[in-house]
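Note: the block below is model_28.txt and it holds compact mmCIF, C-alpha atoms and all ligand atoms.
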# COMPACT_ATOMS: atom_id res chain seq x y z
CA MET C 1 0.00 0.00 0.00
CA ASN C 2 1.47 3.36 -0.94
CA HIS C 3 0.96 6.63 0.92
CA LEU C 4 -1.57 7.96 -1.55
CA SER C 5 -3.87 4.99 -1.02
CA ARG C 6 -3.34 5.26 2.75
CA ALA C 7 -4.42 8.89 2.57
CA LEU C 8 -7.50 7.94 0.55
CA ASP C 9 -8.30 5.31 3.16
CA GLY C 10 -8.02 7.96 5.85
CA ASN C 11 -5.25 6.02 7.55
CA VAL C 12 -2.55 8.66 7.58
CA ASP C 13 -2.59 10.01 11.12
CA GLY C 14 0.49 12.21 10.76
CA LEU C 15 0.08 15.96 10.48
CA ASP C 16 1.55 18.28 7.90
CA ALA C 17 4.56 20.23 9.14
CA PRO C 18 3.92 23.96 9.71
CA PRO C 19 5.45 26.46 7.25
CA PRO C 20 8.23 26.68 6.24
CA LEU C 21 9.01 23.06 7.16
CA ASP C 22 6.09 21.84 5.05
CA LEU C 23 8.25 22.60 2.01
CA LEU C 24 10.95 20.21 3.28
CA GLN C 25 8.41 17.52 4.14
CA GLU C 26 6.69 17.75 0.75
CA PHE C 27 9.99 17.76 -1.10
CA ALA C 28 11.37 14.73 0.78
CA ASN C 29 8.12 12.85 0.15
CA THR C 30 8.26 13.29 -3.62
CA LEU C 31 9.70 9.78 -3.38
CA ASP C 32 7.42 7.12 -1.89
CA LEU C 33 9.95 4.37 -1.14
CA GLU C 34 7.47 1.71 -0.14
CA GLY C 35 5.09 2.41 -3.01
CA GLN C 36 8.09 2.87 -5.36
CA LEU C 37 6.53 6.05 -6.70
CA GLU C 38 8.93 8.75 -7.91
CA GLU C 39 7.23 12.10 -8.51
CA LEU C 40 10.42 13.79 -9.76
CA ASP C 41 11.02 11.40 -12.66
CA SER C 42 12.06 14.12 -15.16
CA PRO C 43 13.31 17.73 -15.26
CA ALA C 44 9.79 18.71 -16.39
CA ALA C 45 8.28 17.06 -13.29
CA LEU C 46 10.71 18.96 -11.03
CA THR C 47 9.94 22.22 -12.87
CA GLU C 48 6.21 21.64 -12.36
CA TRP C 49 6.77 20.85 -8.65
CA CYS C 50 8.69 24.14 -8.20
CA ARG C 51 6.05 26.14 -10.12
CA ARG C 52 3.23 24.78 -7.99
CA ARG C 53 5.05 26.07 -4.92
CA GLY C 54 5.79 29.49 -6.38
CA LEU C 55 9.52 28.84 -6.62
CA MET C 56 9.73 29.33 -10.36
CA GLU C 57 8.07 31.62 -12.86
CA ALA C 58 6.62 30.48 -16.18
CA GLY C 59 8.95 30.25 -19.16
CA VAL C 60 11.98 28.79 -17.38
CA GLY C 61 12.82 25.15 -16.86
CA LEU C 62 15.28 22.86 -15.14
CA SER C 63 17.83 20.53 -16.76
CA VAL C 64 18.85 16.91 -16.21
CA SER C 65 21.86 18.03 -14.15
CA ASP C 66 19.58 20.33 -12.09
CA LEU C 67 17.38 17.30 -11.38
CA GLU C 68 20.41 15.31 -10.19
CA VAL C 69 21.39 18.09 -7.77
CA ALA C 70 17.79 18.39 -6.52
CA ILE C 71 17.52 14.63 -5.94
CA ARG C 72 20.79 14.66 -4.00
CA ALA C 73 19.42 17.47 -1.82
CA ARG C 74 16.18 15.53 -1.31
CA GLU C 75 17.99 12.38 -0.19
CA ALA C 76 20.17 14.46 2.15
CA LEU C 77 16.98 15.88 3.66
CA ARG C 78 15.71 12.34 4.20
CA ARG C 79 19.00 11.47 5.94
CA VAL C 80 18.56 14.40 8.32
CA ALA C 81 14.97 13.27 9.01
CA LEU C 82 16.26 9.72 9.57
CA ALA C 83 18.86 11.11 12.00
CA HIS C 84 16.04 12.88 13.90
CA SER C 85 14.37 9.51 14.40
CA GLY C 86 17.65 7.86 15.42
CA HIS C 87 18.44 6.00 12.20
CA ASP C 88 21.36 8.01 10.82
CA ASP C 89 24.30 9.98 12.14
CA LEU C 90 23.20 13.61 12.54
CA ALA C 91 26.64 15.14 11.89
CA ALA C 92 27.13 13.13 8.67
CA ALA C 93 23.56 13.80 7.52
CA THR C 94 23.73 17.56 8.11
CA ALA C 95 27.18 17.75 6.43
CA GLU C 96 25.69 15.99 3.38
CA LEU C 97 22.74 18.39 3.34
CA ALA C 98 25.07 21.40 3.53
CA SER C 99 27.12 20.01 0.66
CA ALA C 100 24.09 19.07 -1.44
CA THR C 101 22.61 22.57 -1.12
CA ALA C 102 25.91 24.42 -1.66
CA GLY C 103 24.43 26.20 -4.70
CA ALA C 104 21.78 27.92 -2.58
CA ARG C 105 21.71 31.70 -2.91
CA LEU C 106 19.87 33.88 -0.44
CA ARG C 107 19.55 37.58 0.29
CA LEU C 108 18.03 39.48 3.15
CA THR C 109 14.88 41.43 2.35
CA ALA C 110 13.17 43.94 4.63
CA ASP C 111 9.42 44.58 4.64
CA PRO C 112 7.82 47.99 5.50
CA ALA C 113 7.38 46.88 9.13
CA GLY C 114 11.14 46.31 9.42
CA THR C 115 11.03 42.52 9.47
CA LEU C 116 13.93 40.80 7.75
CA SER C 117 13.55 37.54 5.88
CA LEU C 118 15.65 35.35 3.62
CA GLU C 119 14.71 35.37 -0.07
CA PRO C 120 16.08 32.78 -2.51
CA VAL C 121 17.72 34.35 -5.58
CA GLY C 122 19.70 33.22 -8.64
CA SER C 123 18.96 30.52 -11.20
CA PRO C 124 15.83 28.35 -10.82
CA LEU C 125 17.95 25.61 -9.22
CA ASP C 126 19.69 28.13 -6.92
CA ARG C 127 16.28 29.33 -5.78
CA LEU C 128 15.00 25.83 -5.06
CA LEU C 129 18.12 25.07 -3.01
CA GLY C 130 17.85 28.50 -1.37
CA ALA C 131 14.24 27.88 -0.35
CA LEU C 132 15.22 24.53 1.18
CA ALA C 133 18.21 26.07 2.99
CA ALA C 134 16.12 28.98 4.33
CA ALA C 135 13.48 26.54 5.65
CA VAL C 136 16.17 24.40 7.31
CA VAL C 137 17.75 27.42 9.01
CA GLN C 138 14.39 28.82 10.19
CA GLY C 139 13.36 25.40 11.53
CA GLY C 140 16.72 25.08 13.28
CA LEU C 141 16.43 28.53 14.89
CA ARG C 142 12.90 27.81 16.12
CA GLY C 143 13.88 24.37 17.40
CA THR C 144 11.22 22.72 15.25
CA LEU C 145 13.43 21.07 12.63
CA VAL C 146 14.05 18.08 14.92
CA ARG C 147 10.34 17.24 14.72
CA LEU C 148 10.71 16.51 11.03
CA LYS C 149 11.42 12.78 11.15
CA ALA C 150 11.56 9.80 8.82
CA CYS C 151 9.42 6.79 9.63
CA SER C 152 11.26 4.10 11.62
CA ASP C 153 9.96 1.42 9.28
CA GLN C 154 12.95 1.13 6.95
CA ARG C 155 10.76 0.10 4.01
CA CYS C 156 8.74 3.29 4.48
CA GLN C 157 10.97 6.20 5.58
CA TRP C 158 8.08 8.61 4.89
CA VAL C 159 8.93 12.02 6.32
CA PHE C 160 6.37 13.09 8.91
CA TRP C 161 5.79 15.89 11.37
CA ASP C 162 6.11 14.60 14.93
CA ALA C 163 3.42 16.51 16.84
CA SER C 164 3.70 14.26 19.91
CA LYS C 165 4.03 16.00 23.29
CA ASN C 166 7.48 14.63 24.05
CA SER C 167 8.70 14.48 20.44
CA CYS C 168 8.84 10.70 20.71
CA GLY C 169 6.94 9.74 17.52
CA ARG C 170 8.56 6.94 15.53
CA TRP C 171 6.18 6.10 12.71
CA CYS C 172 4.48 8.08 9.95
CA SER C 173 1.25 6.33 10.86
CA MET C 174 0.45 4.35 14.00
CA ALA C 175 -2.36 2.66 12.06
CA VAL C 176 0.02 1.31 9.40
CA CYS C 177 3.75 1.31 10.24
CA GLY C 178 3.24 1.45 14.02
CA SER C 179 0.90 -1.54 14.16
CA ARG C 180 3.11 -3.41 11.69
CA ALA C 181 6.11 -2.93 14.02
CA LYS C 182 4.05 -4.06 17.01
CA ALA C 183 2.93 -7.18 15.12
CA ARG C 184 6.56 -7.97 14.23
CA ALA C 185 7.65 -7.48 17.86
CA TYR C 186 4.83 -9.79 19.01
CA GLN C 187 5.81 -12.48 16.48
CA HIS C 188 9.43 -12.15 17.61
CA ARG C 189 8.37 -12.64 21.24
CA LEU C 190 6.22 -15.63 20.27
CA ARG C 191 9.19 -17.29 18.55
CA SER C 192 11.59 -16.59 21.44
CA GLN C 193 9.10 -17.77 24.06
CA ALA C 194 8.29 -20.90 21.99
CA ARG C 195 11.99 -21.78 22.09
CA LEU C 196 11.83 -21.48 25.90
CA GLY C 197 8.64 -23.57 26.08
CA VAL C 198 6.33 -20.73 27.24
CA GLN C 199 2.66 -20.97 26.25
CA PRO C 200 1.28 -18.08 24.11
CA ALA C 201 -1.31 -17.25 26.84
CA GLU C 202 1.56 -16.27 29.11
CA LEU C 203 2.72 -13.52 26.74
CA ASN C 204 1.83 -9.86 27.30
CA ARG C 205 2.18 -10.25 31.07
ZN ZN D 301 5.83 4.64 7.78

If you took the structure in this file and wrote it as structure tokens, what would it be?
Amino acid sequence: MNHLSRALDGNVDGLDAPPPLDLLQEFANTLDLEGQLEELDSPAALTEWCRRRGLMEAGVGLSVSDLEVAIRAREALRRVALAHSGHDDLAAATAELASATAGARLRLTADPAGTLSLEPVGSPLDRLLGALAAAVVQGGLRGTLVRLKACSDQRCQWVFWDASKNSCGRWCSMAVCGSRAKARAYQHRLRSQARLGVQPAELNR
């Protein structure tokens, strides 16, 4: 079952990340590992993705090499999310993300009220990388980036927003990946107890 069909079934219990982290979550989830669905399967698909999010004006497009850079940045984002759920090394993951987004270009802009913000500038690819970098930095400053996690089910790795009180969420969906992990743990206990000659009724005590 892929994530689209889960969503249609109403089984996705994870929340969308708040802006600007929603951009990172959506970008990382352009690949559905378990469903083997790749949304960014061509430069045109990446261009369309960027246009839908206001990162690119009409009349410009991205190249095959741009797509390669963008995919590298996406996989680095997934590594950081995996590190937040304890499945990758945070220092290595963040170093890879910094390297993968090295082309990012940003400038400070000031609004009439005197508020400064980071605006991506440069080529279409520079702006995509800039938007990702700006979101990462803002999430880091607010302390919210660590709540962007990848599902602990290694077949899944869907990036979700951990809204739990103690930031202890492990799965994109308790109804799917969480219950699957519990079922596996139960089967594992059954097998180990069977080897020790314990009756199934004695489990769960
Ligand atoms: Zn999952």

Taking the point (9.3, 17.5, 1.0) as given in the file, collect each protein or nucleic acid residue that comes within 10 Å of it, counting all atoms listed in the file, and present the set as a PyMOL selection string. chain C and resi 17+21-31+74+77-78+132+158-160

Which residues sit within 10 Å of ligand ZN 301 (chain D), counting only C-alpha atoms and all ligand atoms, listed as a tab-separated table (two decimals) with C-alpha atoms, in the frame of the given file?
chain	number	residue	atom	x	y	z
C	2	ASN	CA	1.47	3.36	-0.94
C	3	HIS	CA	0.96	6.63	0.92
C	12	VAL	CA	-2.55	8.66	7.58
C	14	GLY	CA	0.49	12.21	10.76
C	33	LEU	CA	9.95	4.37	-1.14
C	34	GLU	CA	7.47	1.71	-0.14
C	150	ALA	CA	11.56	9.80	8.82
C	151	CYS	CA	9.42	6.79	9.63
C	152	SER	CA	11.26	4.10	11.62
C	153	ASP	CA	9.96	1.42	9.28
C	154	GLN	CA	12.95	1.13	6.95
C	155	ARG	CA	10.76	0.10	4.01
C	156	CYS	CA	8.74	3.29	4.48
C	157	GLN	CA	10.97	6.20	5.58
C	158	TRP	CA	8.08	8.61	4.89
C	159	VAL	CA	8.93	12.02	6.32
C	160	PHE	CA	6.37	13.09	8.91
C	170	ARG	CA	8.56	6.94	15.53
C	171	TRP	CA	6.18	6.10	12.71
C	172	CYS	CA	4.48	8.08	9.95
C	173	SER	CA	1.25	6.33	10.86
C	174	MET	CA	0.45	4.35	14.00
C	175	ALA	CA	-2.36	2.66	12.06
C	176	VAL	CA	0.02	1.31	9.40
C	177	CYS	CA	3.75	1.31	10.24
C	178	GLY	CA	3.24	1.45	14.02
C	180	ARG	CA	3.11	-3.41	11.69
C	181	ALA	CA	6.11	-2.93	14.02

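Among C:Leu108, C:Leu90, C:Leu125, C:Leu82, the residue with the shortest atom-to-atom distance to C:Asp66, counting all atoms listed in the file, is C:Leu125.
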
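Picture a line from atom CA of C:His188 to atom CA of C:Gly169; it runs 22.0 Å.
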
Give me the residues near stretch 120-122 of chain C as a tab-separated table (two decimals) with C-alpha atoms, in the frame of the given file, where near means some atom within 12 Å (using all atoms listed in the file) and where sequence neighbours in that chain fewer than 3 positions away do not count.
chain	number	residue	atom	x	y	z
C	54	GLY	CA	5.79	29.49	-6.38
C	55	LEU	CA	9.52	28.84	-6.62
C	56	MET	CA	9.73	29.33	-10.36
C	103	GLY	CA	24.43	26.20	-4.70
C	104	ALA	CA	21.78	27.92	-2.58
C	105	ARG	CA	21.71	31.70	-2.91
C	106	LEU	CA	19.87	33.88	-0.44
C	107	ARG	CA	19.55	37.58	0.29
C	108	LEU	CA	18.03	39.48	3.15
C	109	THR	CA	14.88	41.43	2.35
C	117	SER	CA	13.55	37.54	5.88
C	125	LEU	CA	17.95	25.61	-9.22
C	126	ASP	CA	19.69	28.13	-6.92
C	127	ARG	CA	16.28	29.33	-5.78
C	128	LEU	CA	15.00	25.83	-5.06
C	129	LEU	CA	18.12	25.07	-3.01
C	130	GLY	CA	17.85	28.50	-1.37
C	131	ALA	CA	14.24	27.88	-0.35
C	132	LEU	CA	15.22	24.53	1.18
C	133	ALA	CA	18.21	26.07	2.99
C	134	ALA	CA	16.12	28.98	4.33
C	135	ALA	CA	13.48	26.54	5.65

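Of the listed residues C:Ser167, C:Thr47, C:Gln138, C:Thr101, the one whose atoms come nearest to C:Ser85 is C:Ser167, with distances taken using only C-alpha atoms.
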
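For stretch 58-64 of chain C, the list of residues within 12 Å, based on all atoms listed in the file and with local chain neighbours fewer than 6 positions off taken out, reads Leu40, Asp41, Ser42, Pro43, Ala44, Ala45, Leu46, Thr47, Glu48, Trp49, Cys50, Arg51, Arg52, Ala70, Ile71, Ser123, Pro124, Leu125, Asp126, Arg127 and Leu128 of chain C.
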
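Atom CA of C:Asp88 lies 23.3 Å from atom CA of C:Pro20.
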
Expressed in Å to a single decimal, how great is the separation between atom CA of C:Trp161 and atom CA of C:Ala110? 29.8 Å

Could you give me the centre and size, in Å to one decimal, of an axis-aligned box around all listed atoms of stretch 172-182 of chain C with 3 Å added on every side, as AutoDock Vina command-line options?
--center_x 1.9 --center_y 2.0 --center_z 13.2 --size_x 14.5 --size_y 18.1 --size_z 13.6

Working from the structure I just supplied, which lacks atoms in stretch 153-174 of chain C, can you model N, CA and C atoms there and output them as a short mmCIF file (atom, residue, chain, number, x, y, z; two decimals), in the frame of the given file?
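The result, written out as out-v7.cif:
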data_model
loop_
_atom_site.label_atom_id
_atom_site.label_comp_id
_atom_site.auth_asym_id
_atom_site.auth_seq_id
_atom_site.Cartn_x
_atom_site.Cartn_y
_atom_site.Cartn_z
N ASP C 153 10.07 2.62 10.11
CA ASP C 153 9.96 1.42 9.28
C ASP C 153 10.86 1.64 8.07
N GLN C 154 11.94 0.87 7.98
CA GLN C 154 12.95 1.13 6.95
C GLN C 154 12.43 0.96 5.53
N ARG C 155 11.35 0.22 5.36
CA ARG C 155 10.76 0.10 4.01
C ARG C 155 10.01 1.37 3.65
N CYS C 156 9.62 2.12 4.67
CA CYS C 156 8.74 3.29 4.48
C CYS C 156 9.54 4.59 4.39
N GLN C 157 10.16 4.98 5.50
CA GLN C 157 10.97 6.20 5.58
C GLN C 157 10.22 7.46 5.15
N TRP C 158 8.88 7.43 5.21
CA TRP C 158 8.08 8.61 4.89
C TRP C 158 8.40 9.71 5.89
N VAL C 159 8.58 10.93 5.41
CA VAL C 159 8.93 12.02 6.32
C VAL C 159 7.64 12.61 6.91
N PHE C 160 7.58 12.63 8.23
CA PHE C 160 6.37 13.09 8.91
C PHE C 160 6.70 14.15 9.94
N TRP C 161 5.65 14.87 10.34
CA TRP C 161 5.79 15.89 11.37
C TRP C 161 5.41 15.24 12.69
N ASP C 162 6.36 15.22 13.64
CA ASP C 162 6.11 14.60 14.93
C ASP C 162 5.48 15.64 15.86
N ALA C 163 4.15 15.55 16.00
CA ALA C 163 3.42 16.51 16.84
C ALA C 163 3.25 15.99 18.26
N SER C 164 3.90 14.84 18.59
CA SER C 164 3.70 14.26 19.91
C SER C 164 4.26 15.19 21.00
N LYS C 165 3.68 15.09 22.19
CA LYS C 165 4.03 16.00 23.29
C LYS C 165 5.53 15.96 23.59
N ASN C 166 6.08 14.77 23.67
CA ASN C 166 7.48 14.63 24.05
C ASN C 166 8.41 14.41 22.86
N SER C 167 7.91 14.67 21.66
CA SER C 167 8.70 14.48 20.44
C SER C 167 9.25 13.05 20.37
N CYS C 168 8.38 12.08 20.65
CA CYS C 168 8.84 10.70 20.71
C CYS C 168 8.20 9.84 19.61
N GLY C 169 7.57 10.48 18.61
CA GLY C 169 6.94 9.74 17.52
C GLY C 169 7.97 8.96 16.71
N ARG C 170 7.61 7.76 16.28
CA ARG C 170 8.56 6.94 15.53
C ARG C 170 8.06 6.55 14.15
N TRP C 171 6.72 6.57 13.98
CA TRP C 171 6.18 6.10 12.71
C TRP C 171 5.33 7.16 12.04
N CYS C 172 5.30 7.11 10.70
CA CYS C 172 4.48 8.08 9.95
C CYS C 172 3.02 7.87 10.27
N SER C 173 2.64 6.64 10.58
CA SER C 173 1.25 6.33 10.86
C SER C 173 1.20 5.19 11.86
N MET C 174 0.59 5.44 13.01
CA MET C 174 0.45 4.35 14.00
C MET C 174 -0.42 3.24 13.40
#
